[in-house]
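Participant: Take a look at this one; I'll ask things after.
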Amino acid sequence: MSPVLHVPFTDTGEVDVEGFGRVVAHVLGTGVSSMMFPGFASEFYKLAEDERRTLTEVLLAETRTRTDVAAIVAVQDHATRLAVTRAREAVAAGADLVNLLPPHFLSPSRHALVDHVRSVLEAVAPTPVVLQYAPSETGTSLDSATLATIAASHPNLKLVKVESSPPGRLIAELAALEPPLASIEGYAGVQLPDAIRRGAVGTQPGCSFTEIYVEIWRRFAGGDEAGGDELHRRLLPYISYWMLDTELIIAAEKLVSMRRGLIRSAFCRGPAHLLDAEEVRGVDRFLTEFADLLPDLSG
């Protein structure tokens, strides 16, 4: 279980560093094995470099001395030189793993994309790397054969975050490689039960209702597939709607966190999705339905 941390802002759009610290502390207390920052759920593309650096340090200050949870620091730069530099800085600062989103701006060639990935893997070896495959958001195309070729010469490629829709076939293909290449499932867990059955070793959703994902995973891991399916069935109408648009689920998750008392403001930096009245009512229905799993955090 590896949530992506969101970034709380004030009502005027300033980064709430103290609030981010509360998010980190709360997620650490839910029983997760790792956390990732910054990702799409963190609005990474709306953060200044100094903001990103400060928030990364807040996360790493909590994880550097812990052996029970790993900090995954993300690299999304489109220039290979910048990606290499950022990845090295993350490792030097104490990141346990690097999450690499391949470049996609102006549709680089397959050869250029693979060279980029190899360069980052070489730069941080032996630190393990998670390669994020998010075709809906990036338009990037990867396949199991390409990933297997990269992993064969770069053993620190340890995980692939599969966010294709549906993700199951690629997860199964990677699990069937010799040696297997492990996968984690993203995309808010919309296809989580299928991903687990096909060999996913983890999931990486947002962080505003981590407890639900932890419970789904616990049920499957404990052999209660029917219970895991049932809890996911209840969750699916909400996450399947919210995941129709990245900015929509960011806004919805922030409102969930604010309603729970985890963050003070649900502000998203523009351009952002503005929840309409029915979407707000949907968040409130969600919180009512899952009140047994989502305690109030305002105290």
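Chain identifiers are assigned as A, B, and so on, following the order in which chains appear in the structure tokens; residues are numbered from 1 within each chain, and ligands are numbered from 1 in order of appearance.
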Could you write out, as a PyMOL selection string, all the residues of range 137-270 of chain A that DSSP marks as strand (DSSP E or B)?
Facilitator: chain A and resi 157-162+182-185+202-203
Participant: Within 12 Å of Pro108 in chain A, counting only C-alpha atoms, which residues show up once you throw out same-chain ones fewer than 6 positions away? Write them as a count of residues only, please.
Facilitator: 11
Participant: May I have the residues within 10 Å of range 117-122 of chain A as a count of residues only, using only C-alpha atoms and disregarding those fewer than 6 positions away in the same chain?
Facilitator: 26
Participant: Which is closest to Arg64 in chain A among A:Leu248, A:Ala90, A:Leu287, A:Ala95, if we use only C-alpha atoms?
Facilitator: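 Using only C-alpha atoms, Arg64 in chain A sits closest to A:Ala95.
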Participant: For Asn99 in chain A, which residue among A:Val17, A:Leu28, A:Val4, A:Val23 is the nearest when counting only C-alpha atoms?
Facilitator: A:Val4
Participant: Kindly give the distance, in Å, that separates CA of Glu178 in chain A and CA of Ala148 in chain A, rounded to a single decimal.
Facilitator: 8.7 Å
Participant: With a cut-off of 6 Å, could you pull out the residues of range 46-98 of chain A touching range 36-39 of chain A and give me the nearest pair of atoms for each, distance in Å to one decimal, using only C-alpha atoms, ordered by chain and ascending number, as CSV?
Facilitator:
residue,atom,partner,partner_atom,distance
A:Ile72,CA,A:Met36,CA,4.5
A:Val73,CA,A:Phe37,CA,5.2
A:Ala74,CA,A:Pro38,CA,5.6
Participant: Only all heavy atoms, please: the residues just picked out, written as a compact mmCIF listing (two decimals), in the first residue's frame.
Facilitator:
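And here's selection.txt as it stands now:
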# COMPACT_ATOMS: atom_id res chain seq x y z
N ILE A 72 9.09 7.15 -1.47
CA ILE A 72 9.31 7.11 -2.91
C ILE A 72 9.23 8.55 -3.42
O ILE A 72 8.19 9.21 -3.28
CB ILE A 72 8.24 6.25 -3.61
CG1 ILE A 72 8.19 4.85 -3.00
CG2 ILE A 72 8.51 6.18 -5.10
CD1 ILE A 72 7.05 4.00 -3.53
N VAL A 73 10.31 9.04 -3.98
CA VAL A 73 10.35 10.42 -4.48
C VAL A 73 10.29 10.37 -6.01
O VAL A 73 11.03 9.63 -6.65
CB VAL A 73 11.60 11.16 -4.00
CG1 VAL A 73 11.68 12.56 -4.63
CG2 VAL A 73 11.60 11.26 -2.48
N ALA A 74 9.40 11.17 -6.57
CA ALA A 74 9.10 11.08 -8.00
C ALA A 74 9.94 12.06 -8.83
O ALA A 74 10.27 13.16 -8.39
CB ALA A 74 7.63 11.34 -8.24
Participant: Give the answer as one residue: which of A:Arg259, A:Gly31, A:Thr54, A:Gln76 has the shortest atom-to-atom distance to Arg285 in chain A, using only C-alpha atoms?
Facilitator: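 Smallest distance to Arg285 in chain A is found for A:Arg259.
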Participant: Which residues, written as a PDB file with C-alpha atoms, in the first residue's frame, have at least one atom at most 9 Å from range 288-291 of chain A, with only C-alpha atoms counted and residues fewer than 4 positions away on the same chain left out?
Facilitator:
ATOM      1  CA  ILE A 212     -10.374   1.889   2.644  1.00  0.00           C
ATOM      2  CA  ARG A 234     -19.072  -0.109  -2.729  1.00  0.00           C
ATOM      3  CA  LEU A 235     -16.107   2.145  -3.524  1.00  0.00           C
ATOM      4  CA  VAL A 283     -18.388  13.463  -1.549  1.00  0.00           C
ATOM      5  CA  ASP A 284     -20.730  13.810   1.421  1.00  0.00           C
ATOM      6  CA  PRO A 295     -12.723   8.473  11.380  1.00  0.00           C
ATOM      7  CA  ASP A 296     -12.914  12.200  11.936  1.00  0.00           C
TER       8      ASP A 296
END
Participant: Which value, in Å to one decimal, gives the distance between CA of Leu192 in chain A and CA of Pro167 in chain A?
Facilitator: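 Atom-to-atom, CA of Leu192 in chain A and CA of Pro167 in chain A are spaced 9.0 Å apart.
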Participant: A:Ala112, A:His232, A:Ser164, A:Pro237: which is nearest Glu215 in chain A, counting only C-alpha atoms?
Facilitator: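 Nearest to Glu215 in chain A: A:His232.
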Participant: Taking only C-alpha atoms into account, produce a table as a Markdown table in which each residue of range 108-179 of chain A with an atom at most 9 Å from an atom of range 183-186 of chain A appears once, together with its shortest atom pair and the distance in Å to one decimal, ordered by chain and rising number.
Facilitator:
| residue | atom | partner | partner_atom | distance |
| --- | --- | --- | --- | --- |
| A:Val130 | CA | A:Ser183 | CA | 8.9 |
| A:Ala134 | CA | A:Gly186 | CA | 8.7 |
| A:Lys158 | CA | A:Ser183 | CA | 8.5 |
| A:Leu159 | CA | A:Ser183 | CA | 5.3 |
| A:Val160 | CA | A:Ser183 | CA | 4.7 |
| A:Lys161 | CA | A:Ile184 | CA | 4.8 |
| A:Val162 | CA | A:Glu185 | CA | 5.2 |
| A:Glu163 | CA | A:Gly186 | CA | 5.2 |
| A:Ser164 | CA | A:Gly186 | CA | 8.6 |
| A:Pro167 | CA | A:Glu185 | CA | 7.3 |
| A:Gly168 | CA | A:Glu185 | CA | 8.8 |
| A:Leu170 | CA | A:Ser183 | CA | 8.9 |
| A:Ile171 | CA | A:Ser183 | CA | 5.9 |
| A:Ala172 | CA | A:Ser183 | CA | 8.8 |
| A:Leu174 | CA | A:Ser183 | CA | 7.3 |
| A:Ala175 | CA | A:Ser183 | CA | 7.6 |
Participant: Could the residues in this selection be saved with C-alpha atoms as an mmCIF file, in the first residue's frame?
Facilitator:
data_model
loop_
_atom_site.group_PDB
_atom_site.id
_atom_site.type_symbol
_atom_site.label_atom_id
_atom_site.label_comp_id
_atom_site.auth_asym_id
_atom_site.auth_seq_id
_atom_site.Cartn_x
_atom_site.Cartn_y
_atom_site.Cartn_z
ATOM 1 C CA VAL A 130 9.501 2.439 -9.957
ATOM 2 C CA ALA A 134 0.316 6.236 -17.238
ATOM 3 C CA LYS A 158 12.184 -3.134 -9.431
ATOM 4 C CA LEU A 159 8.570 -2.131 -10.036
ATOM 5 C CA VAL A 160 6.258 -0.879 -12.757
ATOM 6 C CA LYS A 161 3.311 1.262 -11.749
ATOM 7 C CA VAL A 162 0.678 0.159 -14.256
ATOM 8 C CA GLU A 163 -2.011 2.742 -14.924
ATOM 9 C CA SER A 164 -3.212 1.521 -18.291
ATOM 10 C CA PRO A 167 -4.068 -2.729 -16.200
ATOM 11 C CA GLY A 168 -4.507 -6.460 -15.655
ATOM 12 C CA LEU A 170 0.238 -5.930 -18.596
ATOM 13 C CA ILE A 171 0.502 -6.813 -14.894
ATOM 14 C CA ALA A 172 0.102 -10.500 -15.771
ATOM 15 C CA LEU A 174 5.204 -8.687 -16.346
ATOM 16 C CA ALA A 175 4.572 -11.289 -13.641
#
Participant: Smallest atom-to-atom distance to Leu177 in chain A: which of A:Leu147, A:Val27, A:Leu293, A:Ala266, using only C-alpha atoms?
Facilitator: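 Counting only C-alpha atoms, the residue closest to Leu177 in chain A is A:Leu147.
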Participant: For each of A:Gly270, A:Arg281, A:Ser298, A:Ser136, take the minimum atom-to-atom distance to Thr12 in chain A, counting only C-alpha atoms, then give the residue where this is smallest.
Facilitator: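 Ranking A:Gly270, A:Arg281, A:Ser298, A:Ser136 by distance to Thr12 in chain A, first place goes to A:Gly270.
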Participant: Using DSSP on the backbone coordinates, identify all residues within range 191-232 of chain A classified as helix (DSSP H, G or I); present the result as an mmCIF file with N, CA, C and O atoms, in the first residue's frame.
Facilitator:
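Contents of out.cif, as written:
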data_model
loop_
_atom_site.group_PDB
_atom_site.id
_atom_site.type_symbol
_atom_site.label_atom_id
_atom_site.label_comp_id
_atom_site.auth_asym_id
_atom_site.auth_seq_id
_atom_site.Cartn_x
_atom_site.Cartn_y
_atom_site.Cartn_z
ATOM 1 N N LEU A 192 -8.607 -2.610 -8.977
ATOM 2 C CA LEU A 192 -7.757 -3.220 -7.961
ATOM 3 C C LEU A 192 -7.963 -4.726 -7.790
ATOM 4 O O LEU A 192 -6.978 -5.479 -7.763
ATOM 5 N N PRO A 193 -9.189 -5.243 -7.639
ATOM 6 C CA PRO A 193 -9.314 -6.704 -7.462
ATOM 7 C C PRO A 193 -8.712 -7.509 -8.612
ATOM 8 O O PRO A 193 -8.030 -8.516 -8.384
ATOM 9 N N ASP A 194 -8.961 -7.070 -9.836
ATOM 10 C CA ASP A 194 -8.395 -7.781 -10.980
ATOM 11 C C ASP A 194 -6.879 -7.696 -10.956
ATOM 12 O O ASP A 194 -6.186 -8.681 -11.262
ATOM 13 N N ALA A 195 -6.348 -6.536 -10.592
ATOM 14 C CA ALA A 195 -4.893 -6.371 -10.545
ATOM 15 C C ALA A 195 -4.276 -7.306 -9.516
ATOM 16 O O ALA A 195 -3.221 -7.911 -9.762
ATOM 17 N N ILE A 196 -4.911 -7.434 -8.355
ATOM 18 C CA ILE A 196 -4.397 -8.337 -7.318
ATOM 19 C C ILE A 196 -4.384 -9.768 -7.837
ATOM 20 O O ILE A 196 -3.399 -10.501 -7.682
ATOM 21 N N ARG A 197 -5.472 -10.176 -8.472
ATOM 22 C CA ARG A 197 -5.565 -11.548 -8.960
ATOM 23 C C ARG A 197 -4.549 -11.844 -10.057
ATOM 24 O O ARG A 197 -4.150 -12.985 -10.259
ATOM 25 N N THR A 210 -7.111 6.497 2.561
ATOM 26 C CA THR A 210 -6.163 5.381 2.566
ATOM 27 C C THR A 210 -6.719 4.175 3.304
ATOM 28 O O THR A 210 -6.488 3.024 2.908
ATOM 29 N N GLU A 211 -7.461 4.420 4.379
ATOM 30 C CA GLU A 211 -7.951 3.329 5.210
ATOM 31 C C GLU A 211 -8.792 2.329 4.420
ATOM 32 O O GLU A 211 -8.771 1.125 4.701
ATOM 33 N N ILE A 212 -9.535 2.802 3.439
ATOM 34 C CA ILE A 212 -10.374 1.889 2.644
ATOM 35 C C ILE A 212 -9.495 0.963 1.815
ATOM 36 O O ILE A 212 -9.727 -0.257 1.760
ATOM 37 N N TYR A 213 -8.475 1.518 1.164
ATOM 38 C CA TYR A 213 -7.584 0.688 0.355
ATOM 39 C C TYR A 213 -6.823 -0.309 1.231
ATOM 40 O O TYR A 213 -6.620 -1.465 0.833
ATOM 41 N N VAL A 214 -6.392 0.132 2.406
ATOM 42 C CA VAL A 214 -5.697 -0.773 3.323
ATOM 43 C C VAL A 214 -6.597 -1.947 3.684
ATOM 44 O O VAL A 214 -6.162 -3.105 3.722
ATOM 45 N N GLU A 215 -7.879 -1.664 3.926
ATOM 46 C CA GLU A 215 -8.812 -2.730 4.301
ATOM 47 C C GLU A 215 -9.095 -3.667 3.136
ATOM 48 O O GLU A 215 -9.177 -4.897 3.320
ATOM 49 N N ILE A 216 -9.241 -3.126 1.926
ATOM 50 C CA ILE A 216 -9.431 -3.999 0.752
ATOM 51 C C ILE A 216 -8.234 -4.931 0.611
ATOM 52 O O ILE A 216 -8.384 -6.143 0.422
ATOM 53 N N TRP A 217 -7.034 -4.365 0.694
ATOM 54 C CA TRP A 217 -5.833 -5.182 0.539
ATOM 55 C C TRP A 217 -5.734 -6.218 1.657
ATOM 56 O O TRP A 217 -5.362 -7.371 1.417
ATOM 57 N N ARG A 218 -6.066 -5.816 2.883
ATOM 58 C CA ARG A 218 -6.010 -6.746 4.012
ATOM 59 C C ARG A 218 -6.927 -7.928 3.780
ATOM 60 O O ARG A 218 -6.556 -9.086 4.057
ATOM 61 N N ARG A 219 -8.117 -7.678 3.263
ATOM 62 C CA ARG A 219 -9.063 -8.764 3.029
ATOM 63 C C ARG A 219 -8.543 -9.728 1.972
ATOM 64 O O ARG A 219 -8.604 -10.946 2.148
ATOM 65 N N PHE A 220 -8.037 -9.200 0.880
ATOM 66 C CA PHE A 220 -7.503 -10.083 -0.157
ATOM 67 C C PHE A 220 -6.296 -10.860 0.364
ATOM 68 O O PHE A 220 -6.169 -12.069 0.120
ATOM 69 N N ALA A 221 -5.401 -10.183 1.059
ATOM 70 C CA ALA A 221 -4.197 -10.848 1.569
ATOM 71 C C ALA A 221 -4.544 -11.939 2.578
ATOM 72 O O ALA A 221 -3.829 -12.944 2.690
ATOM 73 N N GLU A 225 -11.486 -12.975 -0.327
ATOM 74 C CA GLU A 225 -11.694 -12.326 -1.614
ATOM 75 C C GLU A 225 -13.102 -11.760 -1.738
ATOM 76 O O GLU A 225 -13.289 -10.679 -2.303
ATOM 77 N N ALA A 226 -14.080 -12.480 -1.229
ATOM 78 C CA ALA A 226 -15.459 -11.993 -1.305
ATOM 79 C C ALA A 226 -15.606 -10.682 -0.551
ATOM 80 O O ALA A 226 -16.274 -9.748 -1.016
ATOM 81 N N GLY A 227 -14.979 -10.589 0.615
ATOM 82 C CA GLY A 227 -15.033 -9.349 1.384
ATOM 83 C C GLY A 227 -14.318 -8.216 0.695
ATOM 84 O O GLY A 227 -14.776 -7.066 0.718
ATOM 85 N N GLY A 228 -13.165 -8.524 0.076
ATOM 86 C CA GLY A 228 -12.444 -7.498 -0.663
ATOM 87 C C GLY A 228 -13.224 -7.013 -1.857
ATOM 88 O O GLY A 228 -13.298 -5.810 -2.144
ATOM 89 N N ASP A 229 -13.845 -7.953 -2.578
ATOM 90 C CA ASP A 229 -14.675 -7.583 -3.723
ATOM 91 C C ASP A 229 -15.853 -6.714 -3.300
ATOM 92 O O ASP A 229 -16.202 -5.742 -3.986
ATOM 93 N N GLU A 230 -16.460 -7.047 -2.178
ATOM 94 C CA GLU A 230 -17.637 -6.309 -1.734
ATOM 95 C C GLU A 230 -17.278 -4.879 -1.347
ATOM 96 O O GLU A 230 -17.979 -3.927 -1.714
ATOM 97 N N LEU A 231 -16.181 -4.711 -0.626
ATOM 98 C CA LEU A 231 -15.781 -3.352 -0.241
ATOM 99 C C LEU A 231 -15.399 -2.548 -1.482
ATOM 100 O O LEU A 231 -15.757 -1.372 -1.597
ATOM 101 N N HIS A 232 -14.715 -3.175 -2.423
ATOM 102 C CA HIS A 232 -14.368 -2.476 -3.651
ATOM 103 C C HIS A 232 -15.615 -2.135 -4.457
ATOM 104 O O HIS A 232 -15.695 -1.066 -5.070
#
Participant: Quick one: distance from CA of Leu59 in chain A to CA of Val24 in chain A in Å, one decimal?
Facilitator: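 Computing it gives 6.5 Å between the two atoms.
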